[in-house]
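Below is the file model27.tsv, which contains TSV, C-alpha atoms.
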chain	number	residue	atom	x	y	z
A	1	MET	CA	105.78	139.85	18.45
A	2	PRO	CA	107.81	136.74	18.04
A	3	THR	CA	107.51	134.24	20.86
A	4	GLN	CA	110.65	133.98	22.95
A	5	THR	CA	111.78	130.57	23.98
A	6	VAL	CA	113.31	130.35	27.41
A	7	THR	CA	115.84	127.59	27.69
A	8	GLN	CA	116.25	126.22	31.20
A	9	SER	CA	119.68	125.07	32.20
A	10	PRO	CA	119.84	121.44	33.29
A	11	THR	CA	119.67	120.95	37.03
A	12	VAL	CA	123.12	120.41	38.43
A	13	PRO	CA	123.26	118.08	41.39
A	14	ASP	CA	124.41	119.67	44.61
A	15	GLN	CA	128.04	118.66	44.87
A	16	ARG	CA	128.49	120.00	48.38
A	17	PRO	CA	129.44	117.28	50.87
A	18	ALA	CA	126.78	116.27	53.38
A	19	PRO	CA	127.34	117.83	56.78
A	20	GLN	CA	129.22	115.56	59.14
A	21	PRO	CA	127.59	114.68	62.46
A	22	GLY	CA	128.85	116.72	65.38
A	23	SER	CA	130.15	115.48	68.72
A	24	LEU	CA	126.66	115.50	70.24
A	25	GLU	CA	125.25	113.23	67.54
A	26	ARG	CA	128.25	110.93	67.75
A	27	GLY	CA	127.90	110.74	71.53
A	28	ILE	CA	124.23	109.86	71.17
A	29	ASP	CA	125.14	107.09	68.69
A	30	ILE	CA	127.55	105.65	71.26
A	31	LEU	CA	124.92	105.75	74.02
A	32	ILE	CA	122.46	103.97	71.71
A	33	ALA	CA	125.06	101.27	71.03
A	34	LEU	CA	125.70	100.79	74.77
A	35	GLY	CA	121.99	100.73	75.61
A	36	ALA	CA	121.19	98.21	72.87
A	37	SER	CA	123.44	95.54	74.39
A	38	ASP	CA	122.69	93.36	77.41
A	39	HIS	CA	126.41	93.07	78.13
A	40	PRO	CA	129.47	95.34	78.19
A	41	VAL	CA	130.50	96.72	74.79
A	42	THR	CA	134.16	96.90	73.81
A	43	LEU	CA	135.70	99.85	71.99
A	44	ALA	CA	135.94	97.80	68.81
A	45	GLN	CA	132.24	96.91	69.04
A	46	VAL	CA	131.35	100.58	69.57
A	47	CYS	CA	133.31	101.48	66.44
A	48	ARG	CA	131.55	98.79	64.39
A	49	ALA	CA	128.13	99.87	65.62
A	50	THR	CA	128.67	103.59	65.05
A	51	GLY	CA	131.18	103.72	62.20
A	52	LEU	CA	133.39	106.03	64.26
A	53	PRO	CA	137.19	105.96	64.13
A	54	LYS	CA	138.78	104.36	67.18
A	55	SER	CA	140.39	107.58	68.38
A	56	THR	CA	137.10	109.49	68.15
A	57	ALA	CA	135.09	106.79	69.91
A	58	HIS	CA	137.69	106.52	72.67
A	59	ARG	CA	137.69	110.29	73.22
A	60	LEU	CA	133.89	110.52	73.33
A	61	LEU	CA	133.64	107.54	75.68
A	62	GLY	CA	136.02	109.33	78.02
A	63	VAL	CA	133.73	112.36	78.04
A	64	LEU	CA	130.62	110.21	78.59
A	65	CYS	CA	132.32	108.38	81.46
A	66	SER	CA	133.36	111.65	83.11
A	67	ARG	CA	129.72	112.82	83.03
A	68	GLY	CA	128.23	109.59	84.38
A	69	LEU	CA	126.56	108.67	81.08
A	70	ALA	CA	128.87	105.71	80.49
A	71	ARG	CA	131.04	103.58	82.74
A	72	ARG	CA	134.04	101.40	82.06
A	73	THR	CA	133.98	97.82	83.32
A	74	GLY	CA	137.08	95.80	82.51
A	75	ASN	CA	137.99	96.52	78.90
A	76	ALA	CA	134.43	97.37	77.89
A	77	TYR	CA	131.71	99.94	78.55
A	78	VAL	CA	128.15	100.00	79.89
A	79	PRO	CA	125.63	102.82	80.36
A	80	GLY	CA	126.53	104.93	83.39
A	81	ASP	CA	124.36	105.36	86.46
A	82	LEU	CA	123.05	108.71	85.22
A	83	ALA	CA	122.08	107.28	81.82
A	84	SER	CA	120.48	104.25	83.46
A	85	SER	CA	118.40	106.41	85.78
A	86	MET	CA	117.33	108.74	82.97
A	87	ALA	CA	116.30	105.77	80.82
A	88	GLY	CA	114.57	103.94	83.64
A	89	LEU	CA	117.05	101.06	83.42
A	90	ALA	CA	117.51	101.05	87.18
A	91	ARG	CA	113.99	99.72	87.72
A	92	PRO	CA	113.65	96.11	88.88
A	93	ARG	CA	114.10	93.50	86.16
A	94	VAL	CA	110.75	91.86	86.91
A	95	PRO	CA	107.57	93.94	87.45
A	96	GLY	CA	106.58	94.02	91.11
A	97	THR	CA	109.98	92.73	92.21
A	98	ARG	CA	110.36	94.94	95.28
A	99	ALA	CA	106.94	94.10	96.70
A	100	ALA	CA	107.57	90.39	96.19
A	101	VAL	CA	111.16	90.40	97.44
A	102	LEU	CA	111.20	92.71	100.45
A	103	PRO	CA	109.24	90.50	102.89
A	104	TYR	CA	111.73	87.65	102.33
A	105	LEU	CA	114.70	89.97	102.72
A	106	LEU	CA	113.26	91.25	105.99
A	107	TYR	CA	112.70	87.69	107.23
A	108	LEU	CA	116.25	86.78	106.22
A	109	TYR	CA	117.60	89.70	108.22
A	110	GLU	CA	115.47	88.79	111.24
A	111	THR	CA	116.74	85.20	111.21
A	112	THR	CA	120.43	86.00	110.58
A	113	ARG	CA	120.87	89.50	112.06
A	114	GLN	CA	123.50	90.10	109.39
A	115	THR	CA	123.70	92.42	106.39
A	116	VAL	CA	121.33	91.27	103.64
A	117	ASN	CA	121.97	92.24	100.01
A	118	LEU	CA	119.97	91.94	96.80
A	119	ALA	CA	122.09	92.32	93.67
A	120	VAL	CA	121.49	92.48	89.92
A	121	PRO	CA	124.13	92.23	87.17
A	122	SER	CA	125.52	95.47	85.80
A	123	GLY	CA	128.25	94.78	83.28
A	124	LEU	CA	130.84	92.67	85.05
A	125	GLU	CA	129.75	93.95	88.44
A	126	ALA	CA	127.03	93.15	90.92
A	127	ARG	CA	124.85	96.18	91.62
A	128	TYR	CA	123.17	96.21	95.02
A	129	VAL	CA	119.58	97.40	94.71
A	130	GLU	CA	118.43	96.51	98.24
A	131	ARG	CA	120.45	96.37	101.49
A	132	LEU	CA	119.19	95.64	104.99
A	133	TYR	CA	121.37	95.91	108.07
A	134	GLY	CA	121.42	96.84	111.74
A	135	HIS	CA	123.79	98.83	113.92
A	136	ASN	CA	126.34	96.00	113.86
A	137	ARG	CA	126.69	95.86	110.06
A	138	VAL	CA	130.00	94.71	108.62
A	139	ARG	CA	131.97	97.30	106.70
A	140	SER	CA	132.74	96.52	103.08
A	141	ARG	CA	134.51	98.05	100.09
A	142	SER	CA	131.11	98.37	98.42
A	143	ASP	CA	129.76	100.78	101.06
A	144	GLY	CA	128.77	104.02	99.35
A	145	LEU	CA	129.24	102.49	95.89
A	146	ASP	CA	126.56	99.78	96.03
A	147	ARG	CA	128.39	97.70	93.46
A	148	ALA	CA	131.25	95.21	93.45
A	149	PRO	CA	133.11	92.92	91.02
A	150	LEU	CA	131.48	89.62	90.14
A	151	HIS	CA	134.55	87.40	90.52
A	152	CYS	CA	135.18	88.00	94.23
A	153	THR	CA	131.70	88.36	95.74
A	154	ALA	CA	129.15	85.72	96.63
A	155	THR	CA	126.32	87.54	94.84
A	156	GLY	CA	128.53	87.97	91.79
A	157	LYS	CA	129.41	84.29	91.67
A	158	ALA	CA	125.73	83.33	92.03
A	159	LEU	CA	124.93	85.51	89.01
A	160	LEU	CA	127.87	84.28	86.93
A	161	ALA	CA	127.23	80.61	87.65
A	162	PHE	CA	123.75	80.63	86.14
A	163	ASP	CA	124.14	83.24	83.36
A	164	LEU	CA	125.96	81.69	80.40
A	165	ALA	CA	125.95	84.90	78.35
A	166	LEU	CA	127.44	86.83	81.26
A	167	ARG	CA	130.02	84.11	81.81
A	168	ARG	CA	131.14	84.39	78.19
A	169	GLU	CA	132.13	88.00	78.84
A	170	VAL	CA	134.55	86.96	81.56
A	171	PRO	CA	137.43	85.51	79.46
A	172	ALA	CA	138.11	88.96	78.03
A	173	ARG	CA	139.46	89.87	81.45
A	174	GLY	CA	142.11	87.11	81.41
A	175	SER	CA	142.87	87.67	85.08
A	176	PHE	CA	141.14	89.60	87.83
A	177	GLU	CA	142.13	92.30	90.26
A	178	ARG	CA	143.43	90.95	93.54
A	179	LEU	CA	141.65	92.81	96.34
A	180	THR	CA	142.73	90.58	99.24
A	181	ARG	CA	145.14	87.69	99.63
A	182	ARG	CA	142.18	85.31	99.12
A	183	THR	CA	140.85	86.81	95.89
A	184	ILE	CA	140.51	84.37	92.99
A	185	THR	CA	142.53	85.84	90.13
A	186	GLY	CA	142.60	82.99	87.60
A	187	LEU	CA	139.84	82.05	85.17
A	188	ALA	CA	140.30	78.28	85.64
A	189	ALA	CA	139.97	78.56	89.42
A	190	LEU	CA	136.88	80.72	89.06
A	191	GLU	CA	135.28	78.25	86.65
A	192	ARG	CA	135.85	75.41	89.12
A	193	GLU	CA	134.14	77.39	91.85
A	194	LEU	CA	131.21	78.34	89.61
A	195	SER	CA	130.72	74.66	88.84
A	196	GLN	CA	130.30	74.04	92.58
A	197	VAL	CA	127.83	76.92	92.79
A	198	ARG	CA	125.71	75.33	90.07
A	199	ARG	CA	125.90	71.98	91.82
A	200	HIS	CA	124.90	73.20	95.29
A	201	GLY	CA	122.86	76.30	94.44
A	202	VAL	CA	124.82	78.54	96.79
A	203	ALA	CA	127.94	80.70	96.42
A	204	TYR	CA	130.56	81.73	98.96
A	205	ALA	CA	133.15	84.48	99.21
A	206	ARG	CA	135.55	84.07	102.12
A	207	GLU	CA	137.33	87.39	102.63
A	208	GLU	CA	137.86	87.69	98.86
A	209	PHE	CA	136.48	91.21	98.46
A	210	THR	CA	137.03	92.71	101.91
A	211	GLU	CA	139.31	91.45	104.68
A	212	GLY	CA	137.30	90.23	107.65
A	213	VAL	CA	134.04	89.81	105.71
A	214	SER	CA	132.60	86.54	104.41
A	215	CYS	CA	129.45	86.22	102.31
A	216	VAL	CA	127.02	83.62	101.07
A	217	ALA	CA	124.51	84.10	98.22
A	218	ALA	CA	122.02	82.22	96.08
A	219	PRO	CA	120.43	82.94	92.68
A	220	VAL	CA	116.91	84.23	92.15
A	221	PHE	CA	115.18	83.18	88.93
A	222	GLY	CA	112.50	85.04	87.02
A	223	PRO	CA	109.29	83.62	85.54
A	224	ASP	CA	111.22	82.66	82.40
A	225	GLY	CA	113.67	80.53	84.37
A	226	ARG	CA	116.59	82.90	83.84
A	227	VAL	CA	118.67	84.18	86.74
A	228	ARG	CA	117.63	87.77	87.43
A	229	MET	CA	119.29	88.63	90.74
A	230	ALA	CA	121.06	87.17	93.74
A	231	VAL	CA	120.28	87.43	97.42
A	232	GLY	CA	123.19	87.34	99.85
A	233	VAL	CA	124.25	87.76	103.46
A	234	ALA	CA	127.52	89.34	104.61
A	235	ALA	CA	128.90	88.59	108.07
A	236	PRO	CA	132.12	88.89	110.08
A	237	ALA	CA	134.49	86.20	108.86
A	238	HIS	CA	135.62	85.13	112.33
A	239	THR	CA	132.10	84.43	113.62
A	240	ALA	CA	130.08	83.53	110.50
A	241	SER	CA	128.74	80.00	110.13
A	242	LEU	CA	128.54	79.99	106.36
A	243	ASP	CA	126.96	76.55	106.13
A	244	ARG	CA	124.07	77.60	108.36
A	245	LEU	CA	123.74	80.95	106.61
A	246	GLY	CA	123.75	79.13	103.28
A	247	ILE	CA	120.65	77.16	104.23
A	248	SER	CA	118.78	80.35	105.12
A	249	VAL	CA	119.94	82.25	102.04
A	250	ARG	CA	119.12	79.44	99.63
A	251	GLY	CA	115.67	79.05	101.17
A	252	ALA	CA	115.00	82.80	100.80
A	253	ALA	CA	116.17	82.79	97.18
A	254	GLN	CA	113.94	79.83	96.34
A	255	ALA	CA	110.96	81.48	98.01
A	256	ILE	CA	111.55	84.71	96.08
A	257	SER	CA	111.85	82.80	92.80
A	258	ALA	CA	108.54	81.07	93.54
A	259	ALA	CA	106.91	84.40	94.37
A	260	LEU	CA	108.09	85.95	91.09
A	261	ALA	CA	106.72	82.99	89.14
A	262	THR	CA	103.16	83.48	90.40

Output the file's structure as structure tokens, nothing else.
Amino acid sequence: MPTQTVTQSPTVPDQRPAPQPGSLERGIDILIALGASDHPVTLAQVCRATGLPKSTAHRLLGVLCSRGLARRTGNAYVPGDLASSMAGLARPRVPGTRAAVLPYLLYLYETTRQTVNLAVPSGLEARYVERLYGHNRVRSRSDGLDRAPLHCTATGKALLAFDLALRREVPARGSFERLTRRTITGLAALERELSQVRRHGVAYAREEFTEGVSCVAAPVFGPDGRVRMAVGVAAPAHTASLDRLGISVRGAAQAISAALAT
């Protein structure tokens, strides 16, 4: 029998379009973009990092914010509390921080008998990770939230003054929300005050965040010399001796910095 020759047709490339990523994948891309940055990420930056259209990124960010996976701060976004907890981002910035810090916070409370706060930066806010107080604690806007804006709190100013990268994020705000009649709302005025914080090593907020409450804070530096957190004391404005409190707070912050360096 004659041999039959089978002719194979040339392989035709698959012309079907590649499947487009769904909302879940796009949302994950946005979370990755937020988590990869040390500072708040604007909508335009999210779009550049993910390749998403502005309208799509804005819609998905709204969903992520509503579920606690992202959070808006000013005109930018940071990972939300839920995402931070799931990723372990809420842990102290320096290993062993709590064990090294707590004895000094306790001593600071014993010597001042006022509310003692330990704050870390979270976007353009100060996030309170430790708070010590007695029955006579002062009431503040941050109660129940454990975070507050940087521009009108002593801990926030202490962080801003010594963190150049964080300070560069501030001009995007232009002006700041006025929370009391004493709140600093202009960038130039804030810069002048931060210069004084760098000069004296201590920051003050005199009824700028909450009426009737004044605060003093000082920066805490990590082993690498970078500011990692701020320790502060909040007291009733009409009785607080901020100069005396400032000496105690600055001493505690210096002692904590030394403890973290060992």

Taking all atoms listed in the file into account, produce a table as a Markdown table in which each residue of range 98-157 of chain A with an atom at most 9 Å from an atom of range 170-190 of chain A appears once, together with its shortest atom pair and the distance in Å to one decimal, ordered by chain and rising number.
| residue | atom | partner | partner_atom | distance |
| --- | --- | --- | --- | --- |
| A:Leu124 | CA | A:Val170 | CA | 7.7 |
| A:His151 | CA | A:Ile184 | CA | 7.1 |
| A:Cys152 | CA | A:Thr183 | CA | 6.0 |
| A:Lys157 | CA | A:Leu190 | CA | 8.7 |

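With CA of Tyr204 in chain A on one side and CA of Ile256 in chain A on the other, the separation reads 19.5 Å.
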
**Q.** Between CA of Arg139 in chain A and CA of His200 in chain A, distance in Å (one decimal)
**A.**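 Interatomic distance, CA of Arg139 in chain A to CA of His200 in chain A: 27.6 Å.
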
Q: Calculate how many Å separate CA of Ile32 in chain A from CA of Thr97 in chain A, rounding to one decimal.
A: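 Computed distance, CA of Ile32 in chain A to CA of Thr97 in chain A, equals 26.5 Å.
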
Q | Given only C-alpha atoms as the counted atoms, nearest of A:Ala76, A:Thr239, A:Gln114, A:Val220 to Ser257 in chain A | A | A:Val220

**Q.** Gly62 in chain A environment, 12 Å, only C-alpha atoms, sequence neighbours closer than 3 positions dropped, as an MDAnalysis selection string
**A.** chainID A and resid 27 30 43 55:59 65:72 77 80

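Between Ser214 in chain A and the candidates A:Val249, A:Val197, A:Arg226, A:Ser140, the tightest atom-to-atom separation, counting all atoms listed in the file, involves A:Ser140.
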
(Q) So that I can see what lies close to range 115-118 of chain A, please list as a PyMOL selection string the residues with an atom at most 9 Å from it, counting only C-alpha atoms and leaving out residues fewer than 6 positions away in the same chain. (A) chain A and resi 101+105-106+108-109+127-134+136-138+155+217+229-235

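Among the candidates A:Glu125, A:Asp163, A:Glu25, A:Asp224, the one nearest to Thr50 in chain A when counting all atoms listed in the file is A:Glu25.
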
Q: Can you work out which one of A:Val227, A:Ile247, A:Ala99, A:Ala148 has the shortest atom-to-atom distance to Thr73 in chain A, counting only C-alpha atoms?
A: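 Nearest to Thr73 in chain A: A:Ala148.
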
Q: Excluding Pro53 in chain A and residues on its chain fewer than 6 positions from it, collect all residues at most 10 Å away from it, counting only C-alpha atoms, and give them as a list in words.
A: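 Listing them by chain and then by number gives Ala44, Val46 and Cys47 of chain A.
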
Q) Pick from A:Leu260, A:Val41, A:Ala158, A:Leu166: nearest to Leu194 in chain A, with all atoms listed in the file counted? A) A:Ala158

Q.
I'd like to know which of A:Asp81, A:Asp29, A:Asp143, A:Glu110 is closest to Phe209 in chain A, using all atoms listed in the file.
A. A:Asp143

Q: Please write as an MDAnalysis selection string the list of polymer residues whose atoms come within 10 Å of (121.8, 76.2, 103.6), counting all atoms listed in the file and keeping to the coordinates of the file.
A: chainID A and resid 200:202 216:218 242:252
